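Chemist: One structure coming up, written as structure tokens, with questions to follow.
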Amino acid sequence: MSAPISKRGRIARWALNLFAAAVLLYLFTPIIWIVAFSFNEPAGRFNIAWQRFTLDNWRDPFSNQGLTEAFVQSLRIAVLSTSVATVLGSMIAIALSRYSFKGSGPLNFLLVLPITTPEIVLGSSLAAMFLDWDINRGFATVLIAHIMFQVSFVALTVRARVRGFDWTLEHAAQDLGAKPLRTFWKVTFPLILPGILAAALLSFALSIDDFIITLFNAGSLSTFPIYIDGSFKVRFPPQINVLATTILLASVIVMVVGLLWGQRSRRQQS
Amino acid sequence: MTSSQQRPSRPGRGLTRRQLLMRAGALGAAGFSLPAFLAACGGDDGASDGESLLFENWTEYIDPTEDDLIGTADRFIAATGINFTYSEAYNSNNEYFAKIQPVLGRGEIIEPDIIAPTGWMAGRLINLGWCDTLPLDQIPNAANLEDSFKNPAWDPTGEYSLPWQGGFAGIAYNIDVTGREIRTIEEMFSPEFAGRLGMNSEMRDTIGLIAMSLGIEIGSLSTFEDAAPAFEFLERAKADGFIRRFHGNDYGDDLINGNFAATFGWSGDVAQYALENDAVRFVFPESGATSWADTMVMPKGARNRDAAAKWMNFVYDPEQAAQIAAWVQYVSPVKGVREELAKIDADLADNPLLFPDEATLARTQSFAYLSDEVEAQYDEAFSRITGA
Amino acid sequence: MAKAAAIAGSTDPPQSRERRPELIGVGSLLGTGILLTAIAARWVSGVVAIGALALVAGAIVTLVMVALTGSPDTKRKLAPYGLLKPGMLWLALFYLAPLVTLFRLSLSTLPSRFAVEAEFDFNFGNFTRAFTDFGPQFTRAFIYAGIATVLTILIGYPLAYVIAFRGGRYRTLLLGIVVIPFFTSFLIRAIAWRSLLADTGQVVQLVEAFKLSGLFETLGIMNNGRILNTPAAVIGGLTYNFLPFMVLPIYVSLEKVDPRLVDAAKDLYSTSISAFRKVVLPLSIPGVFAGTLLTFIPAAGDFVNALYLGSPGTTMIGNSIQDQFLVQNDLPLASAMSFVLMAMITVFVLIYSKFFGTEDLT
């Protein structure tokens with residue numbers, strides 16, 4: 001920006017930057033609370049009043065059996081649902097961006113719908129159908145529900161990422177004599193893989209954190225969010241903070257690695 | 001109990017022990033529990049060939065195993081070798097009912113062998129034909145059932161249910177917030193506490209306590225009109241912004257941390273909260289408190305009848321029941337608990353909240369057992385006020 | 001494998017005049033989708049359902065057979081349908097069919113209070129009750145979601161602007177920082193706010209330390225010394241929760257604005273404010289539009305914030321649906337309420353799109 005800046009303009013600039021910084025602080029306020037209280041030594045069953053610093057909770061993150069089981073259940077569901085949804089969603093994304101064909105308009109619309117439907121409607125309608133089918137809700141129904149909202153999400157994310165993809169590369173490979181299947185795995189797949197991975201990671205996070213849709217379809221199954229909801233007012237052990245902080249750290253690490261990897265591959269390309 | 005103030009049990013061995021328990025629980029057992037994590041990852045724990053049993057109960061309703069103290073559930077496992085799972089699945093009667101209704105209603109079997117509905121809900125389940133009779137012939141200790149718990153309206157013959165614990169609902173308040181003692185419902189609803197009152201989502205306790213303060217006999221309610229003034233009172237209180245939140249058994253943090261000046265709480269809970277903040281008090285309103293009992297019933301088709309009988313027999317042994325009573329501080333339905341408890345904690349054995357004397361009982365009423373249609377009217381009116 | 005092989009086919013525009021493969025593709029996708037939805041929603045039952053299921057199987061087998069035996073050209077044309085099919089059928093079965101079921105249940109009646117199976121009898125009473133008994137909850141849901149959406153724009157736009165135009169090489173990093181808080185559990189964040197906003201919590205203490213209680217009371221943020229369990233807390237929770245859904249789309253649209261264009265505009269319009277209004281703002285409208293939808297829709301259906309931060313006087317329609325469905329067990333009524341909520345949101349989206357609409361939704 002080369003235009004000369006007046007004094008008033010400079011103040012405005014600073015005010016705006018300051019405002020942005022304040023917003024970032026606001027975004028992190030509860031996070032600071034969560035992380036800080038993972039180091040608290042609670043006086044009773046509620047870890048909400050600061051007592052004194054301790055590392056005990058971190059030394060023993062799995063001491064709460066119910067919480068641990070729920071956490072593992074969430075991981076299990078997230079791994080399974082993400083695997084299925086990533087495959088299904090990526091296939092849709094490839095079909096939509098790679099080919100032009102009849103009926104892609106309405107299909108695009110169908111794909112956006114689950115994302116623009118309130119979660120409570122998704123959750124209650126699916127649960128209503130399971131009740132209507134006389135199916136008892138539990139692990140399988142939660143898995144189905146998660147795949148449902150993840151498919152759309154993966155498809156749209158991957159499609160956005162492969163939009164600019166140069167499909168003529170495939171041609172080149174085939175002109176050189178490669179079989180179609182081989183072309184896909186050797187040429188296309190590695191190039192769209194980052195997009196697929198990003199979508200998979202984000203939808204994994206969505207699954208781990210989903211509460212509303214899961215609540216309607218869980219029956220007596222306990223996942224991490226459901227356990228927290230059920231227990232937090234009766235007993236709020238610091239291990240909840242520890243596991244939440246762990247998820248946060250893991251996400252940050254994945255994100256940083258992703259960023260570095262993205263930068264490296266961009267540098268390689270240019 | 002001549003004083004209207006009933007403070008939770010004070011010193012004594014039992015208390016220090018419970019404090020120890022709490023602190024130990026907060027600290028967590030020493031050592032990294034990776035094995036627990038791995039075990040959880042392993043999925044369904046290898047079903048042992050022996051008997052198994054699942055009991056779904058309310059939260060914080062049994063003495064847990066902590067450090068060198070072994071909880072009742074674990075003592076039972078040690079004594080019988082049964083693969084016993086004790087699960088804290090209850091937060092509210094209606095919520096739990098909504099969970100099991102689609103399964104039992106289709107004639108299928110739910111997972112737990114024993115569940116813990118409050119008396120009125122047990123009655124509903126029995127009337128719907130969703131309960132099995134108890135194998136009482138295999139539960140000799142059922143003879144220890146206290147007389148006052150016998151032949152309740154919801155199960156007149158007593159063949160479907162055994163009480164788990166009984167207790168009272170009254171005013172629970174935080175004296176740091178109120179600044180003074182609270183003795184009546186009117187004092188509780190004084191303007192200075194607007195927006196700082198909790199309200200219990202258990203209709204029979206909230207409407208019951210209010211109705212009693214309006215001079216209504218809650219044991220003989222038979223139509224909706226009988227209790228209408230209490231509903232109007234609650235509706236007005238809500239409109240005037242008195243009520244901060246409706247809660248199930250999840251009011252501990254708000255009471256302890258002073259978000260609630262007062263609410264309608266349950267005697268044993270409040271005794272436990274008072275250990276964390278001694279400003280928390282429990283009192284029978286001058287107009288009287290409600291009394292209730294939670295039960296053990298076996299849902300239709302429960303798979304492990306024999307193991308269930310062994311469990312009920314176990315907890316109806318006064319020695320075991322005393323351990324539970326010492327921790328949960330409710331009214332035990334088992335004869336002989338008082339004598340056993342006197343050995344552990346003399347003060348608790350004299351506490352009228354655990355062992356109500358005539359004077360205490362004279363100040364309590366239990367909510368009438370409503371017919372189906374009338375109950376539907378009550379429930380609908382109540383859920384309209386709770387606003388959800 | 002045929003599918004994977006077909007993916008790798010050429011992208012040449014179709015030369016052949018033969019249209020049969022495409023017909024098979026569209027037909028099999030549509031047909032199986034509709035039939036599966038019909039079976040799942042129990043429009044058809046008994047023998048008809050078995051017949052329909054056979055048709056579904058037949059359509060899938062036909063598609064696979066044609067794809068396997070057909071010419072490379074046929075394979076290429078069928079490829080997209082084959083790729084789409086599993087995912088789309090999943091959506092038909094677990095998104096569309098449930099909605100149809102929901103609609104049918106909303107017009108049904110429970111024969112008795114604790115009945116499991118509701119009977120379909122065109123009972124519009126559920127819709128009447130949804131409006132008469134839960135009017136305040138619907139109103140609150142839309143008002144709270146509306147205020148929260150406006151707040152996310154007011155808070156999120158400047159942040160997105162600063163990141164896009166002043167972030168320089170740290171833009172990606174800054175965006176990451178915006179997103180990081182949302183990798184902790186949604187419920188734990190709500191619990192954190194509960195604790196921070198409590199009567200003895202840090203926020204109230206700060207407000208009192210700076211003697212701002214009076215100001216906060218007049219602004220309606222505080223009520224008799226309380227923030228927790230007031231409308232302000234619920235709206236604040238919603239705002240917090242959906243802020244990144246506003247920041248990210250606005251950022252994406254601002255990122256596309258060429259800074260040189262802004263400089264040129266500054267020369268042209270002399271003040272940066274009018275340069276912003278005439279150049280940057282119009283270009284970022286698609287982002288605000290997308291952000292509004294991503295914020296408003298989930299906020300209007302949310303019940304967690306009202307549950308954790310609200311009071312009986314601040315319940316939203318989501319709380320009522322959850323209560324009727326999971327506690328009171330009145331499935332037909334809960335279905336009717338869900339359906340009305342969805343219909344209202346759809347109407348809102350349509351009207352809103354009419355005014356601000358862009359194609360760039362996804």
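By convention here, the chains of the structure tokens are called A, B, ... in the order presented, each chain's residues are numbered starting at 1, and ligands are numbered starting at 1 in the order presented.
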Could you pull out the alpha helix (DSSP H) residues of range 122-165 of chain B, going by DSSP on the backbone, and write them as a list of chain:residue names?
Modeler: B:Ala122, B:Gly123, B:Arg124, B:Leu125, B:Ile126, B:Asn127
Chemist: For the residues in the current selection, export C-alpha atoms as a short mmCIF file (atom, residue, chain, number, x, y, z; two decimals), in the first residue's frame.
Modeler:
```cif
data_model
loop_
_atom_site.label_atom_id
_atom_site.label_comp_id
_atom_site.auth_asym_id
_atom_site.auth_seq_id
_atom_site.Cartn_x
_atom_site.Cartn_y
_atom_site.Cartn_z
CA ALA B 122 -41.48 -47.98 38.89
CA GLY B 123 -45.27 -47.99 39.14
CA ARG B 124 -45.58 -46.87 35.54
CA LEU B 125 -43.20 -49.59 34.35
CA ILE B 126 -45.05 -52.23 36.38
CA ASN B 127 -48.43 -51.10 35.03
#
```
Chemist: Taking only C-alpha atoms into account, find every residue of chain B that has an atom no more than 6 Å from chain C, and write it out as a PyMOL selection string.
Modeler: chain B and resi 94-95+98+102+105+244-245+259+386-388
Chemist: Only C-alpha atoms, please: the residues just picked out, written as a CSV table (one decimal), in the first residue's frame.
Modeler:
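As a result, part-v7.csv now contains:
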```csv
chain,number,residue,atom,x,y,z
B,94,ASN,CA,-38.2,-39.1,32.2
B,95,GLU,CA,-35.0,-39.1,30.2
B,98,ALA,CA,-37.5,-42.2,27.0
B,102,PRO,CA,-38.9,-47.8,22.4
B,105,GLY,CA,-42.4,-51.2,24.3
B,244,ARG,CA,-32.2,-19.5,37.1
B,245,ARG,CA,-32.3,-23.0,35.8
B,259,ASN,CA,-24.8,-19.4,41.4
B,386,THR,CA,-39.9,-25.8,32.6
B,387,GLY,CA,-40.0,-24.2,29.2
B,388,ALA,CA,-38.2,-26.6,27.0
```
Chemist: Counting only C-alpha atoms, give me one row per residue of chain A with an atom at most 10 Å from an atom of chain B, showing the shortest contact pair and its distance in Å to one decimal, sorted by chain then residue number, as a Markdown table.
Modeler:
```
| residue | atom | partner | partner_atom | distance |
| --- | --- | --- | --- | --- |
| A:Glu41 | CA | B:Leu27 | CA | 7.1 |
| A:Pro42 | CA | B:Ala26 | CA | 6.2 |
| A:Ala43 | CA | B:Arg23 | CA | 7.0 |
| A:Gly44 | CA | B:Glu276 | CA | 6.0 |
| A:Arg45 | CA | B:Ala26 | CA | 6.3 |
| A:Phe46 | CA | B:Asp253 | CA | 6.6 |
| A:Asn47 | CA | B:Ala26 | CA | 8.7 |
| A:Ile48 | CA | B:Asp253 | CA | 8.4 |
| A:Ala49 | CA | B:Asn257 | CA | 8.3 |
| A:Thr54 | CA | B:Leu27 | CA | 9.5 |
| A:Asp56 | CA | B:Leu27 | CA | 7.0 |
| A:Asn57 | CA | B:Leu27 | CA | 7.5 |
| A:Trp58 | CA | B:Phe32 | CA | 8.8 |
| A:Arg59 | CA | B:Phe32 | CA | 5.8 |
| A:Asp60 | CA | B:Phe32 | CA | 4.6 |
| A:Pro61 | CA | B:Ser33 | CA | 7.3 |
| A:Phe62 | CA | B:Ser33 | CA | 5.5 |
| A:Ser63 | CA | B:Ser33 | CA | 5.7 |
| A:Asn64 | CA | B:Gly28 | CA | 8.0 |
| A:Gln65 | CA | B:Ala36 | CA | 7.1 |
| A:Gly66 | CA | B:Ser87 | CA | 9.0 |
| A:Leu67 | CA | B:Phe37 | CA | 9.9 |
| A:Thr68 | CA | B:Phe37 | CA | 6.2 |
| A:Glu69 | CA | B:Ala40 | CA | 5.3 |
| A:Ala70 | CA | B:Ala40 | CA | 8.8 |
| A:Phe71 | CA | B:Ala40 | CA | 9.0 |
| A:Val72 | CA | B:Cys41 | CA | 5.9 |
| A:Gln73 | CA | B:Cys41 | CA | 8.0 |
| A:Leu75 | CA | B:Cys41 | CA | 9.3 |
| A:Arg76 | CA | B:Cys41 | CA | 8.5 |
| A:Leu131 | CA | B:Pro102 | CA | 7.2 |
| A:Asp132 | CA | B:Pro102 | CA | 9.8 |
| A:Asp134 | CA | B:Pro102 | CA | 8.0 |
| A:Ile135 | CA | B:Val103 | CA | 8.8 |
| A:Asn136 | CA | B:Val103 | CA | 6.9 |
| A:Arg137 | CA | B:Lys99 | CA | 9.4 |
| A:Ala218 | CA | B:Lys99 | CA | 9.7 |
| A:Gly219 | CA | B:Lys99 | CA | 6.3 |
| A:Ser220 | CA | B:Lys99 | CA | 7.4 |
| A:Ser222 | CA | B:Ala89 | CA | 9.8 |
| A:Gly230 | CA | B:Asn91 | CA | 7.6 |
| A:Ser231 | CA | B:Asp250 | CA | 8.5 |
| A:Phe232 | CA | B:Asp250 | CA | 8.3 |
| A:Lys233 | CA | B:Asp250 | CA | 4.9 |
| A:Val234 | CA | B:Asp250 | CA | 5.3 |
| A:Arg235 | CA | B:Asp253 | CA | 8.6 |
| A:Phe236 | CA | B:Asp253 | CA | 9.2 |
| A:Pro237 | CA | B:Ala26 | CA | 7.1 |
| A:Pro238 | CA | B:Ala26 | CA | 8.3 |
| A:Gln239 | CA | B:Gly28 | CA | 9.4 |
```
Chemist: Determine, for each residue of chain C having at least one atom at most 6 Å from an atom of chain A, the closest pair of atoms and their separation in Å to one decimal, counting only C-alpha atoms; order by chain and ascending number, as CSV.
Modeler:
```
residue,atom,partner,partner_atom,distance
C:Ala5,CA,A:Leu181,CA,4.7
C:Ala8,CA,A:Pro180,CA,4.6
C:Pro80,CA,A:Ala95,CA,4.6
C:Leu83,CA,A:Met91,CA,5.1
C:Leu84,CA,A:Ile92,CA,4.7
C:Gly87,CA,A:Leu88,CA,4.9
C:Pro98,CA,A:Ser125,CA,4.9
C:Leu99,CA,A:Ser125,CA,5.6
C:Thr101,CA,A:Met129,CA,5.9
C:Leu102,CA,A:Ser125,CA,5.3
C:Leu159,CA,A:Ala20,CA,4.8
C:Phe183,CA,A:Leu248,CA,5.5
C:Thr184,CA,A:Leu248,CA,5.4
C:Ser185,CA,A:Asp209,CA,5.5
C:Arg189,CA,A:Pro30,CA,5.9
C:Ala192,CA,A:Pro30,CA,5.3
C:Ile297,CA,A:Pro118,CA,6.0
C:Pro298,CA,A:Pro118,CA,5.0
C:Gly301,CA,A:Pro118,CA,5.4
C:Ser338,CA,A:Val121,CA,5.6
```
Chemist: Using only C-alpha atoms, which residues sit within 9 Å of range 258-260 of chain C once same-chain residues fewer than 4 positions away are excluded, as a PyMOL selection string?
Modeler: (chain A and resi 1) or (chain C and resi 165+254+264-265)
Chemist: Compare C:Leu196, C:Ala97, C:Ile163, C:Ile180 by their minimum atom-to-atom distance to Ile227 in chain C, counting only C-alpha atoms, and give me the closest one.
Modeler: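 Among the listed residues, C:Leu196 lies closest to Ile227 in chain C.
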Chemist: Which of these residues is nearest to Val178 in chain C, using only C-alpha atoms: C:Trp193, C:Tyr251, C:Phe127, C:Phe210?
Modeler: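 For Val178 in chain C, the nearest of the given residues is C:Tyr251.
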